[in-house]
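To be precise, the following lines are query-v6.txt, and they hold compact mmCIF, C-alpha atoms and all ligand atoms.
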# COMPACT_ATOMS: atom_id res chain seq x y z
CA MET A 899 -50.46 9.84 72.45
CA SER A 900 -47.81 9.95 69.86
CA ALA A 901 -47.10 12.68 67.48
CA PRO A 902 -48.00 11.97 63.91
CA PRO A 903 -45.03 11.23 61.70
CA PRO A 904 -43.83 14.22 59.90
CA PRO A 905 -45.22 14.41 56.46
CA TYR A 906 -42.77 12.99 54.02
CA HIS A 907 -43.12 14.33 50.64
CA GLN A 908 -40.63 15.34 48.13
CA ASP A 909 -40.38 18.77 46.90
CA TYR A 910 -41.27 18.42 43.22
CA SER A 911 -40.99 22.06 42.58
CA LYS A 912 -37.29 21.90 41.96
CA PRO A 913 -36.36 21.58 38.33
CA PRO A 914 -34.86 18.20 37.45
CA MET A 915 -31.19 18.13 37.37
CA GLY A 916 -29.85 18.60 33.88
CA TYR A 917 -27.59 15.98 32.41
CA PRO A 918 -24.05 17.11 32.05
CA PRO A 919 -22.86 17.43 28.46
CA PRO A 920 -21.37 14.19 27.21
CA HIS A 921 -17.68 14.12 26.98
CA TYR A 922 -15.01 11.53 26.69
CA ASN A 923 -13.54 10.78 29.98
CA GLY A 924 -10.20 11.36 28.66
CA ASN A 925 -8.01 8.38 28.58
CA GLY A 926 -7.36 9.42 25.04
CA ALA A 927 -7.19 6.80 22.37
CA PRO A 928 -10.16 5.97 20.19
CA PRO A 929 -11.23 2.35 20.25
CA GLN A 930 -8.99 0.12 18.26
CA PRO A 931 -10.05 -2.99 16.38
CA ALA A 932 -9.21 -6.14 18.17
CA PRO A 933 -5.66 -7.25 17.54
CA GLY A 934 -5.44 -10.19 15.24
CA PHE A 935 -8.42 -9.07 13.22
CA HIS A 936 -7.54 -9.27 9.56
CA LEU A 937 -9.54 -8.27 6.55
CA PRO A 938 -10.07 -11.16 4.18
CA PRO A 939 -7.65 -10.97 1.27
CA PRO A 940 -9.25 -9.33 -1.74
CA GLN A 941 -10.60 -11.78 -4.21
CA ASN A 942 -8.74 -11.64 -7.44
CA HIS A 943 -11.65 -11.36 -9.80
CA GLN A 944 -10.64 -12.14 -13.31
CA PRO A 945 -13.69 -12.26 -15.51
CA GLN A 946 -13.32 -14.71 -18.27
CA VAL A 947 -13.20 -12.73 -21.44
CA VAL A 948 -13.78 -14.84 -24.46
CA ILE A 949 -12.38 -13.02 -27.41
CA VAL A 950 -14.04 -14.19 -30.54
CA THR A 951 -12.17 -13.04 -33.54
CA ALA A 952 -14.15 -13.04 -36.71
CA PRO A 953 -12.55 -15.39 -39.15
CA ALA A 954 -11.35 -13.88 -42.36
CA LEU A 955 -14.08 -14.88 -44.70
CA GLY A 956 -13.82 -14.19 -48.36
CA SER A 957 -16.21 -14.56 -51.21
CA HIS A 958 -15.58 -18.29 -51.37
CA LYS A 959 -16.12 -21.16 -49.00
CA ALA A 960 -13.81 -21.08 -46.05
CA ARG A 961 -12.67 -23.62 -43.56
CA ILE A 962 -13.53 -22.43 -40.07
CA THR A 963 -14.40 -23.70 -36.64
CA CYS A 964 -18.06 -23.07 -36.08
CA ARG A 965 -18.73 -20.92 -33.04
CA ASN A 966 -22.04 -22.62 -32.49
CA CYS A 967 -21.34 -26.32 -32.79
CA ARG A 968 -17.54 -26.04 -32.47
CA SER A 969 -16.88 -28.32 -35.37
CA ASP A 970 -14.37 -27.76 -38.08
CA VAL A 971 -16.43 -27.16 -41.18
CA GLU A 972 -16.26 -25.65 -44.62
CA THR A 973 -18.84 -22.92 -44.75
CA SER A 974 -21.70 -22.97 -47.14
CA THR A 975 -22.01 -19.67 -48.91
CA ASP A 976 -25.00 -17.74 -50.03
CA LYS A 977 -24.52 -14.76 -52.28
CA LYS A 978 -26.85 -11.81 -52.16
CA PRO A 979 -26.60 -8.48 -53.93
CA SER A 980 -24.89 -5.94 -51.76
CA LEU A 981 -26.26 -2.55 -50.96
CA TYR A 982 -23.78 -1.14 -53.44
CA ALA A 983 -25.25 -3.34 -56.18
CA TRP A 984 -28.72 -2.08 -55.44
CA ILE A 985 -27.50 1.53 -55.53
CA CYS A 986 -25.78 0.91 -58.88
CA ALA A 987 -28.88 -0.71 -60.29
CA GLY A 988 -31.01 2.17 -59.07
CA LEU A 989 -28.66 4.72 -60.60
CA MET A 990 -28.56 2.89 -63.92
CA CYS A 991 -32.32 2.74 -63.90
CA PHE A 992 -32.43 6.43 -63.14
CA PHE A 993 -30.17 7.24 -66.08
CA GLY A 994 -32.29 5.35 -68.54
CA CYS A 995 -30.95 1.81 -68.58
CA VAL A 996 -34.33 0.22 -68.19
CA CYS A 997 -33.84 -2.50 -70.79
CA GLY A 998 -32.43 -4.90 -68.25
CA CYS A 999 -28.85 -3.74 -68.03
CA CYS A 1000 -29.66 -2.13 -64.72
CA LEU A 1001 -29.82 -5.67 -63.38
CA ILE A 1002 -26.19 -6.30 -64.24
CA PRO A 1003 -24.84 -5.10 -60.87
CA LEU A 1004 -27.22 -7.51 -59.16
CA CYS A 1005 -25.61 -10.40 -61.05
CA VAL A 1006 -21.94 -9.47 -60.98
CA ASP A 1007 -20.18 -11.65 -58.50
CA SER A 1008 -17.97 -8.89 -57.19
CA CYS A 1009 -21.03 -6.88 -56.20
CA MET A 1010 -22.37 -9.68 -54.05
CA ASP A 1011 -22.21 -10.04 -50.35
CA THR A 1012 -21.26 -13.55 -49.36
CA HIS A 1013 -23.02 -14.95 -46.32
CA HIS A 1014 -21.24 -17.88 -44.71
CA ALA A 1015 -23.18 -20.45 -42.76
CA CYS A 1016 -22.25 -23.62 -40.96
CA PRO A 1017 -23.44 -26.67 -42.92
CA ASN A 1018 -23.67 -28.63 -39.70
CA CYS A 1019 -25.93 -26.47 -37.60
CA GLY A 1020 -26.90 -23.73 -40.01
CA ALA A 1021 -25.50 -20.98 -37.83
CA HIS A 1022 -24.50 -17.77 -39.52
CA CYS A 1023 -20.72 -17.55 -39.40
CA GLY A 1024 -20.06 -14.23 -41.03
CA THR A 1025 -20.55 -12.07 -44.05
CA HIS A 1026 -18.04 -10.96 -46.61
CA ARG A 1027 -19.06 -7.57 -47.86
CA ALA A 1028 -18.49 -6.85 -51.50
CA PHE A 1029 -17.34 -3.31 -50.80
ZN ZN A 1101 -22.11 -25.15 -36.61

Structure translated into structure tokens:
Amino acid sequence: MSAPPPPYHQDYSKPPMGYPPPHYNGNGAPPQPAPGFHLPPPQNHQPQVVIVTAPALGSHKARITCRNCRSDVETSTDKKPSLYAWICAGLMCFFGCVCGCCLIPLCVDSCMDTHHACPNCGAHCGTHRAF
């Protein structure tokens, strides 16, 4: 008759062992990037800036290079009364010139805005303001 094996059971009543606080095991240096690792050279971004200078347009036809169709053209002009002409006409009307002379500023060439357009493609090329 043999003795029963001694009961084998763990003692769970002990509190679990706490983890020790993390710390660097001090051989010092922080991790370095691998030698030979190079950043790519910065791209030299140069955005293409297209500077479009407005051609000097007067009250007459002008020879320009159209920005739309890129052809060398003489602009076709269209004259319209400027804002100043309308103000003059309104003032003349206000002061009693209602017999038609208030329309004079709307007919005087120097009171007109000149709109330049490309005869090729019809694009608006610029406006010469009367004032
Ligand atoms: Zn054009």

Expected answer as JSON, numbers by chain: residues within 9 Å of ligand ZN 1101 (chain A), all atoms listed in the file:
{"A": [963, 964, 965, 966, 967, 968, 969, 970, 971, 1015, 1016, 1017, 1018, 1019, 1020, 1021, 1022, 1023]}

In terms of all atoms listed in the file, the residue from A:Ala954, A:His1026, A:Pro979, A:Cys997 at minimal distance from His1013 in chain A is A:His1026

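Take the candidates A:Ser974, A:Ala1028, A:Leu981, A:Leu989 and check each one against Asp1011 in chain A using all atoms listed in the file; the shortest distance goes to A:Ala1028.
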
TODO: May I have the residues at most 8 Å from (-20.1, -13.5, -51.6) in the file's coordinates, counting all atoms listed in the file, as a VMD selection string?
DONE: chain A and resid 956 to 958 975 to 978 1007 to 1008 1010 to 1013 1025 to 1028

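Between CA of Gly994 in chain A and CA of Tyr982 in chain A lies a distance of 18.5 Å.
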
What separates CA of Ile985 in chain A and CA of Cys1009 in chain A is a distance of 10.6 Å

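Here CA of Leu1001 in chain A is placed at a distance of 25.2 Å from CA of Lys959 in chain A.
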
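Closest approach to Pro1003 in chain A among A:Gly1024, A:Trp984, A:Cys991, A:Ala960: A:Trp984, based on all atoms listed in the file.
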
Restricting to all atoms listed in the file, whichever of A:Ala983, A:Thr973, A:Leu955, A:Phe1029 is closest to Leu1004 in chain A is A:Ala983
